[in-house]
Structure formats: C-alpha cells, structure tokens
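Enquirer: Here it is, the structure, as structure tokens.
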Amino acid sequence: METVKPCCPGCGAPFQSSSADQPGYRTREDQSLCQRCFRLKHYGDTRLVRDSAIELTQVLREIRVIEGTLVVLIDLVNFDPRLLDVLDDSLHDKEVVLVFTKRDLLPKTLSVSKISRLVQRSLKGRRLRVLDAFTVSVRDRESVDFLRQRLVETEGDIIIAGMVNAGKSSLINALTRSQQLTVSSHAHTTLAIQAIPFDGKRLYDTPGFHVVNALEGLSVEEAARYAITAPLKPQTYQITGEQTFILGDLAALRIIATDSSSVTVYVSDECPIHRSGPRAKAYISTHVPQLTNVPETVLATDGVDGMDVVIAGVGWLSLKGSFEAVAVTIAQPEWVSLRKALL
Ligand SMILES: Nc1nc2c(ncn2[C@@H]2O[C@H](COP(=O)(O)OP(=O)(O)OP(=O)(O)O)[C@@H](O)[C@H]2O)c(=O)[nH]1
Ligand SMILES: [Mg+2]
C-alpha cells in the first residue's frame with residue numbers, strides 16, 4: 001500500500017527535516033506547519049517565499065488528471081490575457097468557471113456587464129468552455145457566500161487554479177471559513193496541490209501559474225510598494241502631443257497623441273507618477289539613471305484607442321483618443337502588453 005507523506009497544511013509541501021532552505025522543512029514531527037508557513041503566518045516573514053518558483057508544466061500536468069470542475073481565478077488588478085493562452089493550450093478539455101477576484105480594489109464603476117464583456121472578448125476564438133463567471137472579493141461576505149452556494153451546487157470536486165497571487169488560497173479560506181491555507185502578498189506561496197474538504201466534496205488549492213512580472217526583479221520591500229493592495233485611485237491626464245509617464249524607477253511610457261486625448265493611470269498609490277514633455281530624457285538621466293541605457297520598445301503606432309498598456313504586476317495605463325505612437329522603456333519589454341480596456 002502506498003503511504004501518503006504528511007504535508008504542510010499551509011502550503012501543501014511534503015514535510016522534510018533535512019534542508020532548512022527547502023520547502024516543507026520542520027525540525028520536529030509535532031510541528032503542525034513547515035518553518036516557511038510558520039514564519040509567514042506569525043511574523044509576515046516573506047524571505048523564504050521568493051525562492052520557490054514552481055514548474056508550470058508540472059502544475060498543469062497534475063491539474064489535468066484531477067477530475068472536477070476547473071475554477072480559474074482572474075486577478076482583476078493584474079489580468080494578463082496570457083493566462084487564457086495557457087488554459088487554452090493545456091486545459092481546454094475541462095469545463096471552466098471563471099472567478100474574477102479582488103473586486104474591492106477596482107473602482108465601483110466596474111459593472112458586472114463590463115466584466116462579462118471582457119470575458120466574452122477574451123474568450124473569442126478559444127476552445128475553452130466557460131460554464132459561468134463570477135466576481136468576488138474576500139472582503140465582501142455576500143460575494144463569497146453567493147459563490148459558495150454555486151460551488152456547493154456544482155457536481156464533483158473543484159479545482160481552484162490561476163496566476164500566482166490571484167487570491168486562490170484566500171478564497172478557499174473564505175469559502176471554508178478557515179485560516180488553514182497560508183496567504184501572502186508574494187508570488188508562489190502555495191507550493192503543492194492540496195485537497196480541502198468542502199461540503200462533502202474536495203476543493204483543490206493549487207500553486208499559481210507563473211508569467212513574468214515587473215515586481216520580480218525588485219526587493220521584497222520595493223515589490224510591496226508597487227503591488228496594488230489598496231483600492232485603486234485612477235489618475236486621468238489630458239494630453240496633446242508627446243508626453244512621457246515615468247512610473248517610479250520601473251518604466252517610462254512615451255505617448256504621442258495626435259489630438260486632445262486622455263491617459264488614465266491605474267497603479268498603486270505608492271508608485272510615483274512623473275509626467276514630462278520633451279525634457280523626459282534629461283529627467284530620466286538625472287532621476288532614473290538605471291533606465292538611461294535601456295532601449296525603447298515601440299508598442300504600437302496606431303489602434304491604441306480604447307486599449308490598456310499593462311505592466312504586469314504593477315498596473316496599467318488606459319488610452320482614450322487618438323494616438324500616433326506608444327513606446328516603453330523598461331528593463332524587460334515582455335513585462336508590458338496591450339489589452340482591450342478593462343474599464
Ligand atoms: N484586496 C483584496 N486582496 C485580496 C483578495 N484576495 C486575495 N487578496 C490578497 O492577495 C494576495 C495573494 O493572496 P493568496 O491567497 O496568497 O494568492 P494565491 O493565488 O493563493 O497565491 P499563490 O499561492 O502564490 O499562487 C494576498 O495579499 C491576499 O491578502 C481580495 O479579494 N481583495
Ligand atoms: Mg496560494
């Protein structure tokens with residue numbers, strides 16, 4: 001008979017006592033959490049979190065063989081359409097329920113119908129079969145209760161999957177009214193798939209899918225500054241001609257408008273936004289020298305009206321009007337993408 005190795009109930013990693021810097025480490029069998037989860041839960045110590053990237057292909061392989069409905073969480077403040085590519089390639093034979101999380105962080109003007117339009121647009125031309133879509137916030141009891149009821153009515157087990165940090169473990173804790181799973185503001189908190197009892201069935205927590213994001217190259221403190229953890233307060237700017245938006249020391253976006261147009265910036269309150277006209281280069285060389293020698297990447301020369309320029313993990317700029325060009329200066333251009341406007 002196969003013996004099941006005991007696992008840490010916080011992150012799902014099998015317990016081990018040989019390497020303190022590896023997942024699942026504990027020194028005594030009576031310790032209920034691994035050292036990493038213990039330090040996270042009790043001291044908010046995230047030092048051990050960032051070194052634990054997980055192979056996406058392995059997670060997908062494991063998810064594929066679990067029978068049940070796939071609930072995909074989409075972080076509303078960090079929606080990356082590349083998630084749908086991953087799902088479409090690897091999990092298109094599963095029935096999918098989409099759950100948009102962190103509703104509380106977006107302006108109240110985002111209506112359910114806007115979200116459903118976004119879903120329809122994003123799913124166009126894909127094989128994924130979406131059964132239903134919900135919007136939740138773990139801070140809004142009613143939205144969690146509504147989803148719980150729908151999941152209870154769903155036949156069979158439920159697999160909760162999505163990007164790193166989308167709020168999967170937080171949502172399972174809220175649905176099961178427990179604090180069992182470890183939650184943190186950093187990516188890769190959950191390390192292995194784990195089944196949680198839920199109304200006579202199983203809810204599976206899974207490690208998040210990883211796609212590059214601009215917070216990764218930063219220290220834990222810096223990343224915390226740029227991450228969106230409080231309700232967004234969008235800033236709208238009217239621009240004519242050329243304007244460069246310099247976001248902290250991360251990125252410079254040069255936007256050329258042909259007419260009077262608007263740019264709305266959705267980033268953390270703690271991310272400084274500096275606007276500059278033709279003197280942007282001089283500003284960058286004095287204040288953000290690390291971007292001085294970074295080559296500029298042209299994102300688009302037309303067709304950007306009604307689009308968001310997304311800086312993965314950091315936020316987005318929403319463009320409305322008529323534009324001639326949008327270009328970005330950032331350490332890694334793959335952190336930046338264009339999508340249809342979320343709001
Ligand atoms: N404001 C807000 N924050 C949320 C919500 N849900 C989750 N969070 C926060 O998002 C961060 C990530 O939450 P987790 O539950 O650890 O995310 P995860 O998807 O399990 O992450 P991994 O295990 O790393 O893949 C934490 O800081 C949570 O407090 C929400 O509805 N609203
Ligand atoms: Mg998790």
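Quick note on naming: the chains in the structure tokens go A, B, ... in the order shown, residues restart at 1 in each chain, and ligands are numbered from 1 in order of appearance.
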Using only C-alpha atoms and all ligand atoms, I'd like a table of the residues in chain A that come within 7 Å of ligand 1; for each, show the closest atom pair and its distance in Å rounded to one decimal, ordered by chain and ascending number, as a tab-separated table.
Expert:
```
residue	atom	partner	partner_atom_place_in_ligand_line	distance
A:Thr101	CA	ligand 1	31 (O)	5.3
A:Lys102	CA	ligand 1	31 (O)	3.5
A:Arg103	CA	ligand 1	31 (O)	6.1
A:Asp104	CA	ligand 1	32 (N)	5.7
A:Leu105	CA	ligand 1	1 (N)	5.5
A:Val136	CA	ligand 1	31 (O)	6.3
A:Ser137	CA	ligand 1	31 (O)	3.3
A:Val138	CA	ligand 1	31 (O)	3.9
A:Arg139	CA	ligand 1	31 (O)	5.7
A:Gly162	CA	ligand 1	19 (O)	6.7
A:Met163	CA	ligand 1	25 (O)	6.1
A:Val164	CA	ligand 1	25 (O)	3.4
A:Asn165	CA	ligand 1	21 (O)	3.3
A:Ala166	CA	ligand 1	19 (O)	3.9
A:Gly167	CA	ligand 1	17 (O)	3.3
A:Lys168	CA	ligand 1	19 (O)	3.8
A:Ser169	CA	ligand 1	20 (O)	3.8
A:Ser170	CA	ligand 1	15 (O)	3.6
A:Leu171	CA	ligand 1	6 (N)	6.3
A:Thr182	CA	ligand 1	16 (O)	6.6
A:Val183	CA	ligand 1	16 (O)	3.5
A:Ser184	CA	ligand 1	16 (O)	4.3
A:Ser185	CA	ligand 1	27 (O)	3.4
A:His186	CA	ligand 1	24 (O)	6.2
A:Ala187	CA	ligand 1	24 (O)	4.0
A:His188	CA	ligand 1	24 (O)	3.4
A:Thr189	CA	ligand 1	24 (O)	3.8
A:Thr190	CA	ligand 1	23 (O)	3.6
A:Leu191	CA	ligand 1	23 (O)	6.9
A:Pro207	CA	ligand 1	25 (O)	4.7
A:Gly208	CA	ligand 1	25 (O)	3.4
A:Phe209	CA	ligand 1	25 (O)	6.9
A:Thr229	CA	ligand 1	1 (N)	5.7
A:Ala230	CA	ligand 1	1 (N)	6.3
```
Enquirer: Can you pull out every residue from range 278-325 of chain A that DSSP, working from the backbone, puts in strand (DSSP E or B), and format the result as a list in words?
Expert: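 Here is the list: Thr297, Val298, Leu299, Ala300, Met307, Asp308, Val309, Val310, Ile311, Gly315, Trp316, Leu317, Ser318, Leu319, Lys320, Phe323, Glu324 and Ala325 of chain A.
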Enquirer: Let's have the selection written as an mmCIF file, in the first residue's frame, with N, CA and C atoms.
Expert:
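Below you can see result.cif, which holds the result:
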```cif
data_model
loop_
_atom_site.group_PDB
_atom_site.id
_atom_site.type_symbol
_atom_site.label_atom_id
_atom_site.label_comp_id
_atom_site.auth_asym_id
_atom_site.auth_seq_id
_atom_site.Cartn_x
_atom_site.Cartn_y
_atom_site.Cartn_z
ATOM 1 N N THR A 297 11.160 50.390 -26.540
ATOM 2 C CA THR A 297 10.430 49.447 -27.396
ATOM 3 C C THR A 297 9.129 50.106 -27.836
ATOM 4 N N VAL A 298 8.899 50.137 -29.141
ATOM 5 C CA VAL A 298 7.642 50.713 -29.645
ATOM 6 C C VAL A 298 6.556 49.644 -29.493
ATOM 7 N N LEU A 299 5.495 49.981 -28.769
ATOM 8 C CA LEU A 299 4.410 49.012 -28.541
ATOM 9 C C LEU A 299 3.393 49.048 -29.669
ATOM 10 N N ALA A 300 3.107 50.249 -30.157
ATOM 11 C CA ALA A 300 2.111 50.374 -31.221
ATOM 12 C C ALA A 300 2.262 51.729 -31.883
ATOM 13 N N MET A 307 -7.439 50.988 -25.548
ATOM 14 C CA MET A 307 -6.577 49.879 -25.099
ATOM 15 C C MET A 307 -5.933 50.235 -23.758
ATOM 16 N N ASP A 308 -5.519 49.192 -23.033
ATOM 17 C CA ASP A 308 -4.726 49.362 -21.820
ATOM 18 C C ASP A 308 -3.299 48.915 -22.122
ATOM 19 N N VAL A 309 -2.346 49.726 -21.666
ATOM 20 C CA VAL A 309 -0.950 49.289 -21.693
ATOM 21 C C VAL A 309 -0.694 48.705 -20.306
ATOM 22 N N VAL A 310 -0.465 47.394 -20.233
ATOM 23 C CA VAL A 310 -0.375 46.726 -18.934
ATOM 24 C C VAL A 310 1.081 46.465 -18.578
ATOM 25 N N ILE A 311 1.460 46.860 -17.371
ATOM 26 C CA ILE A 311 2.791 46.498 -16.875
ATOM 27 C C ILE A 311 2.536 45.416 -15.834
ATOM 28 N N GLY A 315 0.317 47.481 -12.835
ATOM 29 C CA GLY A 315 -0.914 48.222 -13.142
ATOM 30 C C GLY A 315 -1.014 48.484 -14.627
ATOM 31 N N TRP A 316 -1.751 49.519 -15.010
ATOM 32 C CA TRP A 316 -1.951 49.772 -16.434
ATOM 33 C C TRP A 316 -2.282 51.231 -16.711
ATOM 34 N N LEU A 317 -2.101 51.613 -17.975
ATOM 35 C CA LEU A 317 -2.482 52.945 -18.447
ATOM 36 C C LEU A 317 -3.550 52.746 -19.498
ATOM 37 N N SER A 318 -4.661 53.433 -19.324
ATOM 38 C CA SER A 318 -5.783 53.274 -20.244
ATOM 39 C C SER A 318 -5.786 54.461 -21.210
ATOM 40 N N LEU A 319 -5.809 54.166 -22.511
ATOM 41 C CA LEU A 319 -5.666 55.227 -23.511
ATOM 42 C C LEU A 319 -6.993 55.479 -24.229
ATOM 43 N N LYS A 320 -7.403 56.758 -24.267
ATOM 44 C CA LYS A 320 -8.633 57.090 -24.990
ATOM 45 C C LYS A 320 -8.379 58.317 -25.854
ATOM 46 N N PHE A 323 -3.984 58.473 -31.086
ATOM 47 C CA PHE A 323 -2.560 58.387 -30.752
ATOM 48 C C PHE A 323 -1.739 58.010 -31.982
ATOM 49 N N GLU A 324 -0.500 58.507 -31.966
ATOM 50 C CA GLU A 324 0.378 58.215 -33.088
ATOM 51 C C GLU A 324 1.341 57.090 -32.723
ATOM 52 N N ALA A 325 1.759 57.067 -31.458
ATOM 53 C CA ALA A 325 2.709 56.025 -31.055
ATOM 54 C C ALA A 325 2.737 55.873 -29.539
#
```
Enquirer: Using only C-alpha atoms, which of A:Ser18, A:Ser178, A:Thr258, A:Gln194 sits nearest Gly321 in chain A?
Expert: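 Under the stated criterion, the closest residue is A:Thr258.
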Enquirer: Kindly indicate which residue among A:Ala257, A:Cys37, A:Ala282, A:Ala227 lies nearest to ligand 2, using only C-alpha atoms and all ligand atoms for the distances.
Expert: A:Cys37
Enquirer: Nearest to Leu128 in chain A: which of A:Thr109, A:Ser90, A:Ser32, A:Gln149 is it, counting only C-alpha atoms?
Expert: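 Between A:Thr109, A:Ser90, A:Ser32, A:Gln149, the residue approaching Leu128 in chain A most closely is A:Ser90.
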Enquirer: Give the alpha helix (DSSP H) residues of range 97-137 of chain A, as assigned by DSSP on the backbone, as a list in words.
Expert: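 Listing alpha helix (DSSP H) positions across range 97-137 of chain A yields Val112, Ser113, Lys114, Ile115, Ser116, Arg117, Leu118, Val119, Gln120, Arg121, Ser122 and Leu123 of chain A.
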Enquirer: Work out how far apart CA of Arg126 in chain A and CA of Leu106 in chain A are and give it in Å to one decimal.
Expert: 26.8 Å
Enquirer: Considering only C-alpha atoms and all ligand atoms, can you say which of A:Gly277, A:Val326, A:Gln179, A:Gly10 comes closest to ligand 2?
Expert: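 Ranked by minimum distance to ligand 2, first place goes to A:Gly10.
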Enquirer: For each of A:Leu181, A:Val130, A:Cys8, A:Ile158, take the minimum atom-to-atom distance to ligand 2, counting only C-alpha atoms and all ligand atoms, then give the residue where this is smallest.
Expert: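 Among the listed residues, the smallest separation from ligand 2 belongs to A:Leu181.
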Enquirer: Select, from A:Asn78, A:Tyr237, A:Gln180, A:Asp157, the residue with the minimum atom-to-atom distance to Phe38 in chain A, counting only C-alpha atoms.
Expert: A:Gln180
Enquirer: Do a neighbour search on range 269-274 of chain A at 10 Å with only C-alpha atoms, toss out local chain neighbours closer than 3 positions, and write the hits as number ranges by chain.
Expert: A: 222, 224-235, 244-250, 252, 265-266, 280, 283, 314-315
Enquirer: Those same residues, written as a PDB file, in the first residue's frame with C-alpha atoms?
Expert:
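Just written: again.pdb:
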```
ATOM      1  CA  GLU A 222      10.197  47.531  -3.281  1.00  0.00           C
ATOM      2  CA  ALA A 224       5.399  45.640  -1.774  1.00  0.00           C
ATOM      3  CA  ARG A 225       5.459  49.356  -2.686  1.00  0.00           C
ATOM      4  CA  TYR A 226       4.397  48.761  -6.303  1.00  0.00           C
ATOM      5  CA  ALA A 227       1.901  45.938  -5.710  1.00  0.00           C
ATOM      6  CA  ILE A 228      -1.761  47.018  -5.750  1.00  0.00           C
ATOM      7  CA  THR A 229      -3.079  46.211  -2.304  1.00  0.00           C
ATOM      8  CA  ALA A 230      -5.399  49.172  -1.648  1.00  0.00           C
ATOM      9  CA  PRO A 231      -8.358  50.346  -3.763  1.00  0.00           C
ATOM     10  CA  LEU A 232      -7.052  51.974  -6.936  1.00  0.00           C
ATOM     11  CA  LYS A 233      -7.412  55.719  -7.331  1.00  0.00           C
ATOM     12  CA  PRO A 234      -7.099  56.267 -11.067  1.00  0.00           C
ATOM     13  CA  GLN A 235      -5.440  59.488 -12.251  1.00  0.00           C
ATOM     14  CA  THR A 244       6.275  60.611 -21.083  1.00  0.00           C
ATOM     15  CA  PHE A 245       4.869  58.961 -17.975  1.00  0.00           C
ATOM     16  CA  ILE A 246       7.659  57.827 -15.645  1.00  0.00           C
ATOM     17  CA  LEU A 247       6.455  55.280 -13.108  1.00  0.00           C
ATOM     18  CA  GLY A 248       8.788  55.245 -10.101  1.00  0.00           C
ATOM     19  CA  ASP A 249      12.085  53.812 -11.238  1.00  0.00           C
ATOM     20  CA  LEU A 250      10.454  50.992 -13.170  1.00  0.00           C
ATOM     21  CA  ALA A 252       8.883  55.257 -18.815  1.00  0.00           C
ATOM     22  CA  VAL A 265      -3.093  55.606 -14.854  1.00  0.00           C
ATOM     23  CA  TYR A 266      -4.027  52.690 -12.566  1.00  0.00           C
ATOM     24  CA  ALA A 280      11.838  63.478 -20.403  1.00  0.00           C
ATOM     25  CA  TYR A 283      14.722  63.854 -16.306  1.00  0.00           C
ATOM     26  CA  VAL A 314       2.241  46.933 -11.435  1.00  0.00           C
ATOM     27  CA  GLY A 315      -0.914  48.222 -13.142  1.00  0.00           C
TER      28      GLY A 315
END
```
